[in-house]
Amino acid sequence: MLQTPLLDEFLADVPEELGCRRCRAAERYRHEVRMAFQPIVDAEDGSVYAYEALVRGPAGEPAGEVLAAVADAQRYGFDQTCRVAAIRTATRLGIATRLSINLMPNAVYDPATCIRITLAAADRYGLPVSRIVFELTEQERIRDLDHTLAILRDYQRRGFTMAIDDFGAGFSGLGLLAECQPQLLKLDMGLVRGIDGDPVRRAIVEGVLVTARGIGSRVVAEGVETEGELVTLHDLGVRLFQGYWFGRPALEALPEIDAAALAPLRRGRTASAA
């Protein structure tokens, strides 16, 4: 579905100085995008730590299908459009937690300039910067490490929370941690899947947890689908969880947490006390 690009609509009311010339001249992504949201759960109190915004097509098409249709020349406009759409949709739905947005570092020209649209959207829709999390996925090959580090450091100075997504599966690895310590590390689901029956995966995750504690990062286990995975990861020390065990992404909705999803942890604590 072709539409007047969301970024055009937004920039029409944004002062010229808040958008760099490259932003205004960039090729627009001229298809409708919608947002689905999936909760990240804090197992300590059963609350929602954050909702991750996940791009969808106009009929709810999955992210992979949407991304496959984005031309290289549209990546900047697509990235900025998704940021504005995520903030606008989440605030319309009444989000009261953090909002996690995927970051495409290769689509950012200059950190200080390209963040202006995000800051303007956060201000317009009333979402404090302190409640925005940017997730840098390890599955996108970083073309320029120094440039990516400049983005992460600039965003951290501005008060955003930074996360490395899919940790343990991609291109950036431990070198990125050594140069810029994110507040969150999201374990790749490849490490989570079947961990309750796999001593090798348990050993790797234990090592990641030790590293995370040493640099002051919290670990999120994503892709949790079974009770066994939940209990094992919690026993290892993970406290933040995301995955189908707690709920699938909901299109233009902020799904609530089923208290029963955390019941296995309560049973474990009861058994330990006995």
# chains A, B, ... in the order shown; residues from 1 in each chain; ligands from 1
>>> closest_atom_pairs(of="region 182-259 of chain A", to="region 146-160 of chain A", cutoff="12 Å", atoms="only C-alpha atoms", output="CSV")
residue,atom,partner,partner_atom,distance
A:Pro182,CA,A:Leu152,CA,8.1
A:Gln183,CA,A:Gln156,CA,9.2
A:Leu184,CA,A:Phe160,CA,11.5
>>> residues_around(residues="Phe134 (chain A)", least_positions_apart="6", cutoff="9 Å", atoms="only C-alpha atoms", output="list in words")
Leu99, Ser100, Ile101, Asn102, Leu103, Leu152, Tyr155, Phe160, Thr161, Met162, Ala163 and Ile164 of chain A
>>> atom_distance(atom1="CA of Thr118 (chain A)", atom2="CA of Phe78 (chain A)")
13.0 Å
>>> closest_residue(among="A:Ala50, A:Ile115, A:Leu233, A:Ala69", to="Phe37 (chain A)", atoms="only C-alpha atoms")
A:Ala50
>>> select_by_dssp(residues="region 43-148 of chain A", states="alpha helix (DSSP H)", output="ChimeraX atom specification")
/A:63-68,75-92,111-114,116-125,145-148
>>> closest_residue(among="A:Leu119, A:Cys114, A:Pro255, A:Tyr244", to="Gly94 (chain A)", atoms="only C-alpha atoms")
A:Pro255
>>> residues_around(residues="Glu206 (chain A)", least_positions_apart="6", cutoff="12 Å", atoms="only C-alpha atoms", output="PyMOL selection string")
chain A and resi 187+191-192+195+199-200+212-213+219+232-238
>>> closest_residue(among="A:Thr113, A:Glu44, A:Glu32, A:Gly57", to="Thr81 (chain A)", atoms="only C-alpha atoms")
A:Glu32
>>> select_by_dssp(residues="region 69-224 of chain A", states="strand (DSSP E or B)", output="ChimeraX atom specification")
/A:98-103,132-137,161-167,184-187,218-222
>>> closest_residue(among="A:Arg83, A:Ala73, A:Glu179, A:Glu229", to="Asp198 (chain A)", atoms="only C-alpha atoms")
A:Glu229
>>> closest_residue(among="A:Ala260, A:Pro105, A:Tyr76, A:Leu251", to="Pro58 (chain A)", atoms="only C-alpha atoms")
A:Leu251
>>> closest_residue(among="A:Ile40, A:Leu209, A:Ala68, A:Ile204", to="Gly223 (chain A)", atoms="only C-alpha atoms")
A:Ile40
>>> residues_around(residues="Ala63 (chain A)", least_positions_apart="3", cutoff="10 Å", atoms="only C-alpha atoms", output="PDB file with N, CA, C and O atoms, in the first residue's frame")
ATOM      1  N   VAL A  33       3.830   1.121   7.376  1.00  0.00           N
ATOM      2  CA  VAL A  33       4.380   0.238   8.404  1.00  0.00           C
ATOM      3  C   VAL A  33       3.483   0.311   9.636  1.00  0.00           C
ATOM      4  O   VAL A  33       2.935   1.357   9.963  1.00  0.00           O
ATOM      5  N   MET A  35       3.165  -1.461  13.826  1.00  0.00           N
ATOM      6  CA  MET A  35       4.024  -1.955  14.882  1.00  0.00           C
ATOM      7  C   MET A  35       3.317  -2.998  15.737  1.00  0.00           C
ATOM      8  O   MET A  35       2.152  -2.823  16.114  1.00  0.00           O
ATOM      9  N   ALA A  36       4.035  -4.077  16.004  1.00  0.00           N
ATOM     10  CA  ALA A  36       3.607  -5.060  16.991  1.00  0.00           C
ATOM     11  C   ALA A  36       4.499  -4.888  18.219  1.00  0.00           C
ATOM     12  O   ALA A  36       5.616  -4.365  18.123  1.00  0.00           O
ATOM     13  N   LEU A  54       8.164  -4.099  17.054  1.00  0.00           N
ATOM     14  CA  LEU A  54       8.558  -4.954  15.937  1.00  0.00           C
ATOM     15  C   LEU A  54       7.777  -4.539  14.694  1.00  0.00           C
ATOM     16  O   LEU A  54       6.549  -4.493  14.714  1.00  0.00           O
ATOM     17  N   VAL A  55       8.487  -4.226  13.632  1.00  0.00           N
ATOM     18  CA  VAL A  55       7.835  -3.709  12.433  1.00  0.00           C
ATOM     19  C   VAL A  55       7.003  -4.787  11.763  1.00  0.00           C
ATOM     20  O   VAL A  55       7.364  -5.974  11.746  1.00  0.00           O
ATOM     21  N   ARG A  56       5.854  -4.355  11.228  1.00  0.00           N
ATOM     22  CA  ARG A  56       4.964  -5.234  10.482  1.00  0.00           C
ATOM     23  C   ARG A  56       4.479  -4.489   9.245  1.00  0.00           C
ATOM     24  O   ARG A  56       4.507  -3.261   9.176  1.00  0.00           O
ATOM     25  N   GLY A  57       4.009  -5.247   8.253  1.00  0.00           N
ATOM     26  CA  GLY A  57       3.446  -4.655   7.057  1.00  0.00           C
ATOM     27  C   GLY A  57       2.017  -4.211   7.286  1.00  0.00           C
ATOM     28  O   GLY A  57       1.451  -4.393   8.370  1.00  0.00           O
ATOM     29  N   GLY A  60      -0.130  -6.825   8.581  1.00  0.00           N
ATOM     30  CA  GLY A  60       0.499  -7.596   9.636  1.00  0.00           C
ATOM     31  C   GLY A  60       1.599  -8.525   9.150  1.00  0.00           C
ATOM     32  O   GLY A  60       2.024  -9.426   9.889  1.00  0.00           O
ATOM     33  N   VAL A  66       8.899  -7.510   5.395  1.00  0.00           N
ATOM     34  CA  VAL A  66       8.976  -6.057   5.250  1.00  0.00           C
ATOM     35  C   VAL A  66      10.405  -5.621   4.930  1.00  0.00           C
ATOM     36  O   VAL A  66      10.650  -4.842   4.005  1.00  0.00           O
ATOM     37  N   LEU A  67      11.371  -6.134   5.675  1.00  0.00           N
ATOM     38  CA  LEU A  67      12.765  -5.740   5.496  1.00  0.00           C
ATOM     39  C   LEU A  67      13.291  -6.144   4.118  1.00  0.00           C
ATOM     40  O   LEU A  67      14.117  -5.433   3.538  1.00  0.00           O
ATOM     41  N   ALA A  68      12.815  -7.266   3.621  1.00  0.00           N
ATOM     42  CA  ALA A  68      13.284  -7.733   2.313  1.00  0.00           C
ATOM     43  C   ALA A  68      12.898  -6.780   1.194  1.00  0.00           C
ATOM     44  O   ALA A  68      13.526  -6.774   0.127  1.00  0.00           O
TER      45      ALA A  68
END
>>> atom_distance(atom1="CA of Thr91 (chain A)", atom2="CA of Ser217 (chain A)")
27.0 Å
>>> atom_distance(atom1="CA of Thr89 (chain A)", atom2="CA of Glu252 (chain A)")
7.0 Å
